[in-house]
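*Asks:* Data: upload.txt, compact mmCIF, C-alpha atoms.
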# COMPACT_ATOMS: atom_id res chain seq x y z
CA ALA A 13 187.86 -2.30 -182.45
CA ARG A 14 188.91 -3.43 -178.99
CA ARG A 15 191.07 -0.39 -178.24
CA PRO A 16 188.30 1.90 -177.02
CA CYS A 17 187.11 -0.91 -174.78
CA GLY A 18 190.64 -1.25 -173.40
CA VAL A 19 190.79 2.47 -172.76
CA ASP A 20 187.46 2.33 -170.91
CA MET A 21 188.71 -0.55 -168.76
CA GLY A 22 191.90 1.36 -167.98
CA ASP A 23 189.90 4.44 -167.00
CA GLN A 24 187.67 2.34 -164.77
CA THR A 25 190.69 0.74 -163.11
CA ALA A 26 192.31 4.12 -162.49
CA LEU A 27 189.03 5.48 -161.13
CA GLY A 28 188.66 2.47 -158.84
CA ARG A 29 192.18 2.93 -157.51
CA ALA A 30 191.58 6.64 -156.92
CA GLN A 31 188.36 5.89 -155.02
CA ALA A 32 190.08 3.22 -152.93
CA ARG A 33 192.92 5.63 -152.16
CA ASN A 34 190.46 8.36 -151.15
CA LEU A 35 188.56 5.90 -148.95
CA LEU A 36 191.73 4.73 -147.19
CA GLN A 37 192.79 8.36 -146.69
CA ALA A 38 189.40 9.23 -145.20
CA LEU A 39 189.54 6.20 -142.87
CA PHE A 40 193.04 7.19 -141.75
CA TYR A 41 191.88 10.73 -140.97
CA ILE A 42 188.82 9.44 -139.09
CA VAL A 43 190.78 6.99 -136.93
CA ALA A 44 193.56 9.52 -136.29
CA TRP A 45 191.04 12.23 -135.36
CA GLY A 46 189.14 9.88 -133.05
CA CYS A 47 192.33 8.84 -131.22
CA ALA A 48 193.73 12.38 -130.97
CA SER A 49 190.41 13.89 -129.86
CA SER A 50 189.75 11.18 -127.24
CA GLY A 51 193.32 11.37 -125.98
CA LEU A 52 193.07 15.14 -125.61
CA ILE A 53 189.81 14.84 -123.66
CA PHE A 54 191.32 12.46 -121.11
CA LEU A 55 194.62 14.37 -120.91
CA ASN A 56 192.88 17.72 -120.36
CA SER A 57 190.68 16.19 -117.66
CA TYR A 58 193.76 14.74 -115.95
CA LEU A 59 195.74 18.00 -116.09
CA LEU A 60 192.83 20.11 -114.85
CA ASN A 61 191.77 17.81 -112.01
CA GLU A 62 194.45 15.28 -111.06
CA ASP A 63 197.50 17.43 -111.86
CA GLY A 64 195.96 20.54 -110.29
CA PHE A 65 196.39 22.82 -113.31
CA HIS A 66 193.13 24.75 -112.79
CA TYR A 67 193.51 27.12 -115.73
CA PRO A 68 191.29 25.87 -118.59
CA MET A 69 191.83 28.83 -120.93
CA THR A 70 195.60 28.61 -120.56
CA LEU A 71 195.46 24.89 -121.30
CA CYS A 72 193.37 25.15 -124.47
CA SER A 73 195.41 28.12 -125.67
CA MET A 74 198.42 25.79 -125.90
CA GLY A 75 196.78 23.82 -128.70
CA LEU A 76 196.01 27.00 -130.65
CA ALA A 77 199.53 28.33 -130.06
CA ALA A 78 200.92 25.05 -131.43
CA SER A 79 198.53 25.20 -134.41
CA TRP A 80 199.60 28.75 -135.24
CA THR A 81 203.33 28.04 -134.74
CA ILE A 82 203.44 24.80 -136.74
CA SER A 83 201.27 26.14 -139.59
CA SER A 84 203.40 29.31 -139.78
CA LEU A 85 206.55 27.19 -139.92
CA LEU A 86 205.16 25.02 -142.71
CA VAL A 87 204.11 28.09 -144.69
CA THR A 88 207.51 29.76 -144.18
CA LEU A 89 209.34 26.61 -145.32
CA GLY A 90 207.14 26.42 -148.42
CA VAL A 91 205.58 23.08 -147.45
CA SER A 92 202.13 24.67 -147.60
CA LYS A 93 201.06 27.52 -149.87
CA LEU A 94 198.64 30.37 -149.20
CA ASP A 95 196.31 30.10 -152.18
CA LYS A 96 193.11 31.77 -150.96
CA SER A 97 194.50 34.07 -148.26
CA ARG A 98 197.46 35.53 -150.16
CA ASP A 99 195.69 38.81 -150.94
CA MET A 100 193.78 39.02 -147.66
CA SER A 101 193.76 42.56 -146.25
CA ALA A 102 193.81 43.43 -142.55
CA ARG A 103 190.35 44.99 -142.88
CA TRP A 104 188.92 41.83 -144.46
CA TYR A 105 190.56 39.69 -141.76
CA PHE A 106 189.09 41.72 -138.90
CA LYS A 107 185.67 41.78 -140.53
CA HIS A 108 185.42 38.11 -141.55
CA VAL A 109 187.86 36.01 -139.51
CA VAL A 110 188.08 37.74 -136.11
CA PRO A 111 184.37 37.24 -135.23
CA ILE A 112 184.71 33.52 -136.03
CA GLY A 113 187.84 33.35 -133.86
CA GLY A 114 186.00 35.03 -130.99
CA PHE A 115 183.17 32.48 -130.95
CA ALA A 116 185.67 29.61 -131.32
CA ALA A 117 187.73 30.86 -128.37
CA PHE A 118 184.62 31.29 -126.20
CA SER A 119 183.48 27.76 -127.07
CA LEU A 120 186.90 26.25 -126.30
CA ALA A 121 187.29 28.12 -123.01
CA LEU A 122 183.86 27.23 -121.63
CA GLY A 123 184.16 23.67 -122.92
CA ASN A 124 187.39 23.24 -120.98
CA TYR A 125 185.94 24.84 -117.83
CA THR A 126 183.24 22.15 -117.68
CA TYR A 127 185.90 19.54 -116.82
CA LEU A 128 186.31 21.26 -113.44
CA TYR A 129 182.65 20.60 -112.58
CA LEU A 130 181.38 17.57 -114.54
CA SER A 131 182.59 14.05 -115.28
CA VAL A 132 184.03 13.14 -118.67
CA SER A 133 181.18 10.71 -119.40
CA PHE A 134 178.44 13.24 -118.54
CA ILE A 135 180.07 15.91 -120.71
CA GLN A 136 180.00 13.54 -123.70
CA MET A 137 176.30 12.89 -123.06
CA LEU A 138 175.58 16.62 -123.05
CA LYS A 139 177.39 16.94 -126.39
CA ALA A 140 174.50 14.98 -127.92
CA ALA A 141 172.47 18.20 -127.67
CA VAL A 142 174.74 20.04 -130.14
CA PRO A 143 172.35 19.54 -133.13
CA CYS A 144 169.51 21.05 -131.09
CA VAL A 145 171.49 24.18 -130.21
CA THR A 146 172.87 24.47 -133.75
CA MET A 147 169.42 24.26 -135.33
CA MET A 148 168.01 26.93 -133.02
CA VAL A 149 170.86 29.32 -133.84
CA LEU A 150 170.67 28.73 -137.61
CA VAL A 151 166.87 29.09 -137.65
CA GLY A 152 167.08 32.20 -135.46
CA ALA A 153 169.63 33.70 -137.85
CA ASN A 154 167.36 32.81 -140.80
CA LEU A 155 170.13 30.68 -142.32
CA GLU A 156 168.15 27.45 -142.32
CA LYS A 157 164.57 26.20 -142.66
CA PRO A 158 164.50 22.81 -140.94
CA HIS A 159 162.64 19.78 -142.28
CA ARG A 160 159.86 18.41 -140.07
CA VAL A 161 161.85 15.19 -139.58
CA THR A 162 164.81 17.27 -138.37
CA VAL A 163 162.57 19.01 -135.83
CA LEU A 164 161.28 15.62 -134.64
CA GLY A 165 164.85 14.38 -134.22
CA VAL A 166 165.79 17.47 -132.22
CA ALA A 167 162.76 16.98 -129.96
CA ILE A 168 163.75 13.35 -129.25
CA LEU A 169 167.37 14.46 -128.72
CA THR A 170 166.33 17.13 -126.25
CA PHE A 171 164.21 14.69 -124.24
CA GLY A 172 167.01 12.11 -124.13
CA THR A 173 169.60 14.68 -123.05
CA ALA A 174 167.28 16.02 -120.33
CA LEU A 175 166.74 12.46 -119.06
CA ALA A 176 170.50 11.81 -119.02
CA ALA A 177 171.03 15.04 -117.06
CA TYR A 178 168.29 14.04 -114.61
CA GLY A 179 170.10 10.76 -113.92
CA GLU A 180 173.52 12.37 -113.31
CA ILE A 181 174.88 11.66 -109.82
CA ALA A 182 177.31 14.60 -109.52
CA PHE A 183 175.08 17.19 -111.23
CA GLN A 184 176.32 20.79 -111.00
CA TRP A 185 174.33 23.56 -112.62
CA ILE A 186 177.36 25.75 -113.29
CA GLY A 187 179.00 22.98 -115.32
CA VAL A 188 175.82 22.29 -117.33
CA VAL A 189 175.30 26.01 -118.03
CA MET A 190 178.92 26.33 -119.17
CA MET A 191 178.55 23.29 -121.42
CA PHE A 192 175.45 24.63 -123.14
CA ALA A 193 177.04 28.08 -123.42
CA SER A 194 180.01 26.39 -125.12
CA GLU A 195 177.67 24.57 -127.53
CA PHE A 196 175.81 27.83 -128.20
CA SER A 197 179.09 29.58 -129.01
CA GLU A 198 180.10 26.77 -131.35
CA ALA A 199 176.72 27.00 -133.11
CA CYS A 200 177.18 30.77 -133.45
CA ARG A 201 180.66 30.16 -134.88
CA MET A 202 179.18 27.85 -137.51
CA ALA A 203 176.44 30.38 -138.35
CA VAL A 204 178.90 33.27 -138.61
CA LEU A 205 181.28 31.09 -140.65
CA GLN A 206 178.46 30.28 -143.06
CA TYR A 207 177.34 33.92 -143.26
CA LEU A 208 180.75 35.62 -143.53
CA LEU A 209 182.80 33.15 -145.54
CA GLY A 210 180.09 31.45 -147.61
CA ASN A 211 181.71 28.92 -149.94
CA LEU A 212 185.26 30.06 -149.19
CA ARG A 213 187.18 27.03 -147.93
CA PHE A 214 190.87 27.02 -147.02
CA GLU A 215 193.29 24.14 -147.36
CA LEU A 216 194.22 22.30 -144.14
CA ILE A 217 197.38 24.15 -143.08
CA GLU A 218 196.20 27.43 -144.59
CA GLY A 219 192.99 27.17 -142.54
CA LEU A 220 194.96 26.85 -139.30
CA TYR A 221 197.31 29.63 -140.36
CA VAL A 222 194.38 31.99 -140.92
CA MET A 223 192.01 30.99 -138.10
CA ALA A 224 194.30 30.07 -135.17
CA PRO A 225 195.72 33.59 -134.49
CA ALA A 226 192.24 35.11 -134.08
CA SER A 227 191.11 32.47 -131.56
CA PHE A 228 194.46 32.55 -129.75
CA GLY A 229 194.25 36.34 -129.41
CA PHE A 230 190.85 36.12 -127.70
CA LEU A 231 192.10 33.39 -125.35
CA VAL A 232 195.14 35.49 -124.40
CA LEU A 233 192.75 38.34 -123.56
CA GLY A 234 190.64 35.98 -121.46
CA ILE A 235 193.70 34.61 -119.66
CA ALA A 236 194.85 38.15 -118.84
CA CYS A 237 191.44 39.00 -117.38
CA PHE A 238 190.54 35.80 -115.53
CA GLU A 239 193.52 33.45 -115.05
CA TRP A 240 196.84 35.28 -115.12
CA ARG A 241 196.80 36.45 -111.50
CA ALA A 242 196.02 32.97 -110.16
CA LEU A 243 198.49 31.46 -112.61
CA VAL A 244 201.29 33.58 -111.10
CA GLU A 245 200.23 33.40 -107.44
CA GLU A 246 199.69 29.61 -107.46
CA ASN A 247 202.85 28.94 -109.49
CA GLY A 248 200.92 27.50 -112.43
CA LEU A 249 203.83 28.26 -114.74
CA GLY A 250 206.04 26.22 -112.42
CA LYS A 251 203.78 23.21 -112.95
CA ILE A 252 204.34 23.50 -116.68
CA LEU A 253 208.13 23.72 -116.20
CA ASN A 254 208.14 20.75 -113.80
CA ALA A 255 206.42 18.48 -116.32
CA PRO A 256 206.81 20.12 -119.75
CA HIS A 257 206.23 16.84 -121.60
CA LYS A 258 202.62 16.66 -120.40
CA TYR A 259 201.74 20.14 -121.59
CA ALA A 260 203.73 19.78 -124.80
CA CYS A 261 201.71 16.64 -125.49
CA ALA A 262 198.46 18.53 -124.82
CA ALA A 263 199.57 21.31 -127.17
CA PHE A 264 200.52 18.88 -129.95
CA LEU A 265 197.28 16.92 -129.55
CA GLY A 266 195.41 20.23 -129.81
CA PHE A 267 197.18 20.91 -133.10
CA LEU A 268 196.37 17.41 -134.39
CA VAL A 269 192.69 17.72 -133.44
CA ASN A 270 192.39 21.10 -135.18
CA LEU A 271 194.14 19.81 -138.31
CA LEU A 272 192.39 16.44 -138.47
CA THR A 273 188.95 18.00 -137.92
CA LEU A 274 189.43 19.95 -141.15
CA ALA A 275 190.87 16.86 -142.86
CA VAL A 276 187.91 14.63 -141.93
CA ILE A 277 185.33 17.20 -143.06
CA LYS A 278 187.20 17.76 -146.33
CA SER A 279 187.61 14.04 -147.11
CA THR A 280 184.02 13.11 -146.12
CA SER A 281 181.39 15.76 -145.28
CA SER A 282 180.19 17.83 -142.33
CA LEU A 283 177.23 15.44 -141.97
CA THR A 284 179.55 12.41 -141.76
CA PHE A 285 181.74 14.27 -139.27
CA LYS A 286 178.75 14.77 -136.94
CA VAL A 287 177.98 11.05 -137.03
CA ILE A 288 181.62 10.15 -136.37
CA GLY A 289 181.66 12.66 -133.51
CA GLN A 290 178.74 10.94 -131.79
CA VAL A 291 180.40 7.53 -132.23
CA LYS A 292 183.58 8.95 -130.70
CA ASN A 293 181.63 10.43 -127.77
CA THR A 294 180.06 7.03 -127.10
CA CYS A 295 183.50 5.37 -127.14
CA VAL A 296 184.81 8.00 -124.70
CA ILE A 297 181.91 7.24 -122.34
CA LEU A 298 182.62 3.48 -122.49
CA VAL A 299 186.37 3.97 -121.89
CA SER A 300 185.68 6.44 -119.08
CA VAL A 301 183.42 3.91 -117.32
CA ALA A 302 185.51 0.79 -118.01
CA LEU A 303 189.02 2.13 -117.38
CA PHE A 304 188.62 5.22 -115.21
CA GLY A 305 185.64 4.18 -113.07
CA SER A 306 183.33 7.00 -114.11
CA ALA A 307 179.93 6.39 -112.52
CA ILE A 308 176.80 6.47 -114.69
CA THR A 309 173.23 5.48 -113.79
CA ALA A 310 170.66 3.36 -115.62
CA VAL A 311 168.58 6.50 -116.21
CA GLN A 312 171.56 8.11 -117.97
CA VAL A 313 172.05 5.04 -120.18
CA VAL A 314 168.37 5.15 -121.21
CA GLY A 315 168.51 8.92 -121.75
CA TYR A 316 171.65 8.74 -123.86
CA SER A 317 170.22 5.85 -125.90
CA ILE A 318 167.13 7.96 -126.64
CA SER A 319 169.43 10.82 -127.62
CA MET A 320 171.17 8.56 -130.14
CA VAL A 321 167.81 7.60 -131.66
CA GLY A 322 166.98 11.30 -131.88
CA PHE A 323 170.35 11.96 -133.50
CA ALA A 324 169.66 9.30 -136.14
CA VAL A 325 166.26 10.88 -136.89
CA TYR A 326 167.94 14.32 -137.03
CA GLN A 327 170.52 13.08 -139.54
CA ARG A 328 167.77 11.56 -141.69
CA GLY A 329 165.93 14.88 -141.59
CA LYS A 330 169.08 16.71 -142.72
CA GLN A 331 169.41 14.31 -145.66
CA LEU A 332 165.79 14.89 -146.68
CA GLN A 333 166.27 18.63 -146.24
CA THR A 334 169.33 18.60 -148.52
CA LYS A 335 167.43 16.56 -151.13
CA ASP A 336 164.44 18.95 -151.02
CA GLU A 337 166.72 21.98 -151.42
CA ALA A 338 168.45 20.33 -154.40
CA ASP A 339 165.06 19.54 -156.00
CA VAL A 340 163.90 23.14 -155.55
CA ALA A 341 167.15 24.44 -157.06
CA ASP A 342 166.76 22.09 -160.06
CA ALA A 343 163.14 23.16 -160.56
CA ARG A 344 164.13 26.84 -160.52
CA ALA A 345 166.95 26.18 -162.98
CA ARG A 346 164.55 24.40 -165.34
CA GLU A 347 162.00 27.24 -165.08
CA LYS A 348 164.73 29.77 -165.76
CA GLY A 349 165.88 27.75 -168.78
CA LYS A 350 162.33 27.59 -170.13
CA GLY A 351 161.99 31.36 -169.70
CA VAL A 352 165.21 32.01 -171.61
CA LEU A 353 164.10 29.63 -174.37
CA MET A 354 160.71 31.32 -174.70
CA GLU A 355 162.33 34.76 -174.89
CA SER A 356 164.69 33.44 -177.55
CA ASN A 357 161.78 32.02 -179.56
CA LYS A 358 159.90 35.32 -179.32
CA GLY A 359 162.94 37.18 -180.55
CA GLY A 360 163.26 34.80 -183.49
CA GLY A 361 159.57 35.26 -184.37
CA ASN A 362 159.91 39.03 -184.38
CA LEU A 363 162.74 38.77 -186.83
Starting from the coordinates I provided, produce the structure as structure tokens.

*Replies:*
Amino acid sequence: ARRPCGVDMGDQTALGRAQARNLLQALFYIVAWGCASSGLIFLNSYLLNEDGFHYPMTLCSMGLAASWTISSLLVTLGVSKLDKSRDMSARWYFKHVVPIGGFAAFSLALGNYTYLYLSVSFIQMLKAAVPCVTMMVLVGANLEKPHRVTVLGVAILTFGTALAAYGEIAFQWIGVVMMFASEFSEACRMAVLQYLLGNLRFELIEGLYVMAPASFGFLVLGIACFEWRALVEENGLGKILNAPHKYACAAFLGFLVNLLTLAVIKSTSSLTFKVIGQVKNTCVILVSVALFGSAITAVQVVGYSISMVGFAVYQRGKQLQTKDEADVADARAREKGKGVLMESNKGGGNL
């Protein structure tokens, strides 16, 4: 009589261990992503400003080149398998993946260019406006109907970001415009990803193997048009050869950030990733001020604090929106079930 109970206890123990293992794995991914992402931010800023490597597209292309190379190597060695992209045709790739790669490359390039004009701390403050830009793009593309709480959160976020920008000491319009253009491109990438790929989700290495070449190709095109001449004339390639370890580190960190971003989203959720991203941005601001002497004003602190309140309201709105959509889907399913049952009963009566 006790055997079933013992089986239940064993199942519960196994389930508890699996949950604990998944939690530890998610925490590892989160911490690793936060460290790699923050390290890449400071390293890129150093290389672009202190080291004099004024070629942002070339720099961010190194991370994509490393992502493509390492993922290809792992696939070739059989460490990672191509489950969902094995039968992918060239036509499907150009129709579904290339547009996503284009927006990703544009976002990366402009995001890196901002480090030539704005401080690290101010850039992190401007990143608080990402939900606002994302919501506008998704609503404009008719891919989302925002909850009223989400709209309120975005309004508070926008006000806080504007206040933080107003308090910036070394404000440069070109840097701010580039930053918002980068955020707009990232929002477009998310919208196009949602529209073109739907529920198709690749494994970690497979995702890099599929997506990295498209983004890298667009960056190579951009480098050829805007940076190659200066890169040759100013001996930019010589700077890489003189200190290859710095640029190899930037490339490897780029690979880690790309890989761990997918890992965090897969082990938690996209909503959790947004929250973690804001926490990481706040930590980068604190480190930038405490260790690197980045100057921020009291107005910026107040503005950024308001932005964080707006972000919390925005996240709450997204949760309510998800719950409402689930309730509507359940109600439709129940109505559909009732309709099928009534039709079945009518059919039985006719017999």

*Asks:* Suppose you want the space between atom CA of Leu249 of chain A and atom CA of Phe118 of chain A; what is it in Å?

*Replies:*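 Interatomic distance, atom CA of Leu249 of chain A to atom CA of Phe118 of chain A: 22.6 Å.
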
*Asks:* Would you give me, as JSON lines, each residue of segment 73-140 of chain A having an atom within 7 Å of an atom of segment 196-208 of chain A, along with its shortest atom pair and that distance in Å to one decimal, using all atoms listed in the file and sorting by chain and residue number?

*Replies:*
{"residue": "A:His108", "atom": "CA", "partner": "A:Leu208", "partner_atom": "CA", "distance": 5.7}
{"residue": "A:Ile112", "atom": "CA", "partner": "A:Arg201", "partner_atom": "CA", "distance": 5.4}
{"residue": "A:Phe115", "atom": "CA", "partner": "A:Arg201", "partner_atom": "CA", "distance": 5.2}
{"residue": "A:Ala116", "atom": "CA", "partner": "A:Arg201", "partner_atom": "CA", "distance": 6.2}
{"residue": "A:Phe118", "atom": "CA", "partner": "A:Ser197", "partner_atom": "CA", "distance": 6.4}
{"residue": "A:Ser119", "atom": "CA", "partner": "A:Ser197", "partner_atom": "CA", "distance": 5.1}

*Asks:* Given the choices A:Tyr58, A:Tyr259, A:Phe40, A:Tyr125, which gets closest to Ala78 of chain A if the distance is worked out from only C-alpha atoms?

*Replies:* A:Tyr259

*Asks:* I'd like to know which of A:Ala177, A:Val110, A:Ile288, A:Ile318 is closest to Gly165 of chain A, using only C-alpha atoms.

*Replies:* A:Ile318

*Asks:* Within 12 Å of (178.0, 10.3, -116.9), in the coordinates the file gives, what residues turn up when you count all atoms listed in the file, written out as a PyMOL selection string?

*Replies:* chain A and resi 130-139+173+175-183+293-294+296-301+304-316

*Asks:* Just to confirm, what's the straight-line distance from atom CA of Asn61 of chain A to atom CA of Gly187 of chain A in Å (one decimal)?

*Replies:*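 Between atom CA of Asn61 of chain A and atom CA of Gly187 of chain A the gap is 14.2 Å.
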
*Asks:* Can you put all heavy atoms back into segment 326-336 of chain A and show it as a PDB file, keeping the file's coordinate frame?

*Replies:*
ATOM      1  N   TYR A 326     167.452  12.992-136.622  1.00  0.00           N
ATOM      2  CA  TYR A 326     167.940  14.320-137.030  1.00  0.00           C
ATOM      3  C   TYR A 326     168.774  14.217-138.305  1.00  0.00           C
ATOM      4  O   TYR A 326     168.599  15.016-139.237  1.00  0.00           O
ATOM      5  CB  TYR A 326     168.762  14.916-135.893  1.00  0.00           C
ATOM      6  CG  TYR A 326     169.577  16.128-136.268  1.00  0.00           C
ATOM      7  CD1 TYR A 326     168.997  17.397-136.282  1.00  0.00           C
ATOM      8  CD2 TYR A 326     170.926  16.015-136.607  1.00  0.00           C
ATOM      9  CE1 TYR A 326     169.745  18.516-136.628  1.00  0.00           C
ATOM     10  CE2 TYR A 326     171.677  17.128-136.958  1.00  0.00           C
ATOM     11  CZ  TYR A 326     171.078  18.375-136.966  1.00  0.00           C
ATOM     12  OH  TYR A 326     171.818  19.478-137.303  1.00  0.00           O
ATOM     13  N   GLN A 327     169.671  13.252-138.365  1.00  0.00           N
ATOM     14  CA  GLN A 327     170.520  13.080-139.540  1.00  0.00           C
ATOM     15  C   GLN A 327     169.685  12.744-140.777  1.00  0.00           C
ATOM     16  O   GLN A 327     169.959  13.233-141.878  1.00  0.00           O
ATOM     17  CB  GLN A 327     171.547  11.975-139.297  1.00  0.00           C
ATOM     18  CG  GLN A 327     172.602  12.320-138.258  1.00  0.00           C
ATOM     19  CD  GLN A 327     173.498  13.460-138.714  1.00  0.00           C
ATOM     20  OE1 GLN A 327     173.236  14.618-138.433  1.00  0.00           O
ATOM     21  NE2 GLN A 327     174.548  13.136-139.418  1.00  0.00           N
ATOM     22  N   ARG A 328     168.658  11.900-140.586  1.00  0.00           N
ATOM     23  CA  ARG A 328     167.770  11.560-141.690  1.00  0.00           C
ATOM     24  C   ARG A 328     167.034  12.810-142.185  1.00  0.00           C
ATOM     25  O   ARG A 328     166.891  13.029-143.395  1.00  0.00           O
ATOM     26  CB  ARG A 328     166.767  10.489-141.247  1.00  0.00           C
ATOM     27  CG  ARG A 328     165.750  10.084-142.313  1.00  0.00           C
ATOM     28  CD  ARG A 328     166.442   9.610-143.568  1.00  0.00           C
ATOM     29  NE  ARG A 328     165.473   9.239-144.606  1.00  0.00           N
ATOM     30  CZ  ARG A 328     165.769   9.090-145.884  1.00  0.00           C
ATOM     31  NH1 ARG A 328     167.018   9.265-146.291  1.00  0.00           N
ATOM     32  NH2 ARG A 328     164.847   8.772-146.763  1.00  0.00           N
ATOM     33  N   GLY A 329     166.603  13.635-141.237  1.00  0.00           N
ATOM     34  CA  GLY A 329     165.930  14.880-141.590  1.00  0.00           C
ATOM     35  C   GLY A 329     166.840  15.810-142.383  1.00  0.00           C
ATOM     36  O   GLY A 329     166.401  16.455-143.341  1.00  0.00           O
ATOM     37  N   LYS A 330     168.119  15.875-142.001  1.00  0.00           N
ATOM     38  CA  LYS A 330     169.080  16.710-142.720  1.00  0.00           C
ATOM     39  C   LYS A 330     169.276  16.210-144.153  1.00  0.00           C
ATOM     40  O   LYS A 330     169.409  17.003-145.087  1.00  0.00           O
ATOM     41  CB  LYS A 330     170.425  16.732-141.993  1.00  0.00           C
ATOM     42  CG  LYS A 330     170.394  17.417-140.628  1.00  0.00           C
ATOM     43  CD  LYS A 330     170.121  18.902-140.737  1.00  0.00           C
ATOM     44  CE  LYS A 330     171.271  19.678-141.296  1.00  0.00           C
ATOM     45  NZ  LYS A 330     171.023  21.138-141.316  1.00  0.00           N
ATOM     46  N   GLN A 331     169.286  14.878-144.325  1.00  0.00           N
ATOM     47  CA  GLN A 331     169.410  14.310-145.660  1.00  0.00           C
ATOM     48  C   GLN A 331     168.208  14.668-146.528  1.00  0.00           C
ATOM     49  O   GLN A 331     168.347  15.048-147.695  1.00  0.00           O
ATOM     50  CB  GLN A 331     169.570  12.790-145.572  1.00  0.00           C
ATOM     51  CG  GLN A 331     170.900  12.345-144.975  1.00  0.00           C
ATOM     52  CD  GLN A 331     170.969  10.846-144.759  1.00  0.00           C
ATOM     53  OE1 GLN A 331     169.939  10.166-144.721  1.00  0.00           O
ATOM     54  NE2 GLN A 331     172.173  10.314-144.614  1.00  0.00           N
ATOM     55  N   LEU A 332     167.011  14.542-145.959  1.00  0.00           N
ATOM     56  CA  LEU A 332     165.790  14.890-146.680  1.00  0.00           C
ATOM     57  C   LEU A 332     165.757  16.384-147.005  1.00  0.00           C
ATOM     58  O   LEU A 332     165.322  16.789-148.089  1.00  0.00           O
ATOM     59  CB  LEU A 332     164.555  14.505-145.853  1.00  0.00           C
ATOM     60  CG  LEU A 332     164.322  13.008-145.640  1.00  0.00           C
ATOM     61  CD1 LEU A 332     163.170  12.788-144.670  1.00  0.00           C
ATOM     62  CD2 LEU A 332     164.032  12.313-146.972  1.00  0.00           C
ATOM     63  N   GLN A 333     166.230  17.183-146.041  1.00  0.00           N
ATOM     64  CA  GLN A 333     166.270  18.630-146.240  1.00  0.00           C
ATOM     65  C   GLN A 333     167.210  18.999-147.391  1.00  0.00           C
ATOM     66  O   GLN A 333     166.876  19.826-148.251  1.00  0.00           O
ATOM     67  CB  GLN A 333     166.736  19.304-144.952  1.00  0.00           C
ATOM     68  CG  GLN A 333     166.797  20.820-145.010  1.00  0.00           C
ATOM     69  CD  GLN A 333     167.244  21.407-143.683  1.00  0.00           C
ATOM     70  OE1 GLN A 333     167.062  20.813-142.624  1.00  0.00           O
ATOM     71  NE2 GLN A 333     167.847  22.575-143.740  1.00  0.00           N
ATOM     72  N   THR A 334     168.367  18.358-147.446  1.00  0.00           N
ATOM     73  CA  THR A 334     169.330  18.600-148.520  1.00  0.00           C
ATOM     74  C   THR A 334     168.751  18.194-149.871  1.00  0.00           C
ATOM     75  O   THR A 334     168.908  18.896-150.875  1.00  0.00           O
ATOM     76  CB  THR A 334     170.633  17.829-148.259  1.00  0.00           C
ATOM     77  OG1 THR A 334     171.171  18.235-146.989  1.00  0.00           O
ATOM     78  CG2 THR A 334     171.660  18.098-149.345  1.00  0.00           C
ATOM     79  N   LYS A 335     168.052  17.039-149.888  1.00  0.00           N
ATOM     80  CA  LYS A 335     167.430  16.560-151.130  1.00  0.00           C
ATOM     81  C   LYS A 335     166.343  17.521-151.603  1.00  0.00           C
ATOM     82  O   LYS A 335     166.248  17.838-152.795  1.00  0.00           O
ATOM     83  CB  LYS A 335     166.839  15.164-150.911  1.00  0.00           C
ATOM     84  CG  LYS A 335     166.228  14.535-152.166  1.00  0.00           C
ATOM     85  CD  LYS A 335     165.711  13.142-151.872  1.00  0.00           C
ATOM     86  CE  LYS A 335     165.096  12.519-153.130  1.00  0.00           C
ATOM     87  NZ  LYS A 335     163.933  13.291-153.608  1.00  0.00           N
ATOM     88  N   ASP A 336     165.509  18.006-150.661  1.00  0.00           N
ATOM     89  CA  ASP A 336     164.440  18.950-151.020  1.00  0.00           C
ATOM     90  C   ASP A 336     165.021  20.249-151.583  1.00  0.00           C
ATOM     91  O   ASP A 336     164.503  20.799-152.562  1.00  0.00           O
ATOM     92  CB  ASP A 336     163.580  19.249-149.795  1.00  0.00           C
ATOM     93  CG  ASP A 336     162.713  18.062-149.392  1.00  0.00           C
ATOM     94  OD1 ASP A 336     162.626  17.106-150.185  1.00  0.00           O
ATOM     95  OD2 ASP A 336     162.161  18.089-148.274  1.00  0.00           O
TER      96      ASP A 336
END
